[in-house]
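Participant: Could you have a look at this structure, given as structure tokens, before my questions?
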Amino acid sequence: MKINKPSAPLNINPNACDGCGVCIDICPAQVFEMVELSKEEINELSFFGRLKVRIKGNVKSQVVHPESCIECGKCVSACHERAISLHRLKQSA
Ligand code: SF4
Ligand code: SF4
């Protein structure tokens, strides 16, 4: 599934995301975009993942600009589905 790019400091659980768009609105760095899923991508989802995607029109949030993430954590806090996890890659030692 092409939901997340491997280099992203963020991960969106595709089975948890319901495509509400809150993360897109709240992100100050335009890291996310809403994408329409292909039939193949929908078929890879869990039963509940498929139900969620149908309600919002077969769309889910995707990490498209991971390099722009400033790791503020706003998206993690705002996601009502707890679908987003943030790996603090930019933390200094
Ligand atoms: S806020 Fe959460 S549920 Fe809503 S689109 Fe973003 S990842 Fe998906
Ligand atoms: S941590 Fe902040 S900058 Fe990074 S994707 Fe989430 S809201 Fe955007």
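How things are named: the first chain in the structure tokens is A, the next is B, and so on; residues count from 1 in each chain; ligands count from 1 in the order shown.
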Could the residues that lie within 8 Å of ligand 1, counting only C-alpha atoms and all ligand atoms, be listed as a list in words?
Facilitator: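 Residues lying within 8 Å of ligand 1: Ile12, Asn13, Pro14, Ala16, Cys17, Asp18, Gly19, Cys20, Gly21, Val22, Cys23, Ile24, Met34, Lys60, Ser61, Gln62, Cys75, Val76, Ala78, Cys79, His80, Glu81, Arg82, Ala83 and Ile84 of chain A.
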Participant: Do you know which residues are within 10 Å of ligand 2 using only C-alpha atoms and all ligand atoms? Can you write them as number ranges by chain?
Facilitator: A: 8-11, 22-32, 63-79, 84-88
Participant: Go through segment 33-84 of chain A and collect every residue that DSSP, computed from the backbone, puts in strand (DSSP E or B); the answer should be as a PyMOL selection string.
Facilitator: chain A and resi 33-36+59-63+84
Participant: Since we have the selection now, will you write its residues out, keeping C-alpha atoms, as a PDB file, in the first residue's frame?
Facilitator:
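Dumped to again13.pdb:
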```pdb
ATOM      1  CA  GLU A  33      -2.834  15.508   1.469  1.00  0.00           C
ATOM      2  CA  MET A  34      -6.089  13.658   1.001  1.00  0.00           C
ATOM      3  CA  VAL A  35      -5.757  10.923  -1.577  1.00  0.00           C
ATOM      4  CA  GLU A  36      -8.273   8.696  -3.291  1.00  0.00           C
ATOM      5  CA  VAL A  59     -10.165   8.883   0.583  1.00  0.00           C
ATOM      6  CA  LYS A  60      -7.565   8.874   3.334  1.00  0.00           C
ATOM      7  CA  SER A  61      -4.876  11.235   4.515  1.00  0.00           C
ATOM      8  CA  GLN A  62      -1.397  10.599   3.166  1.00  0.00           C
ATOM      9  CA  VAL A  63       2.044  11.870   4.177  1.00  0.00           C
ATOM     10  CA  ILE A  84      -0.935   9.091  13.448  1.00  0.00           C
TER      11      ILE A  84
END
```
Participant: Give me the residues within 12 Å of Arg50 of chain A as number ranges by chain, counting only C-alpha atoms and dropping any in the same chain fewer than 2 places off.
Facilitator: A: 14-19, 37-48, 52-60
Participant: Give the helix (DSSP H, G or I) residues of chain A, as DSSP finds them on the backbone, and put them as a ChimeraX atom specification.
Facilitator: /A:22-26,39-43,47-55,66-68,74-78
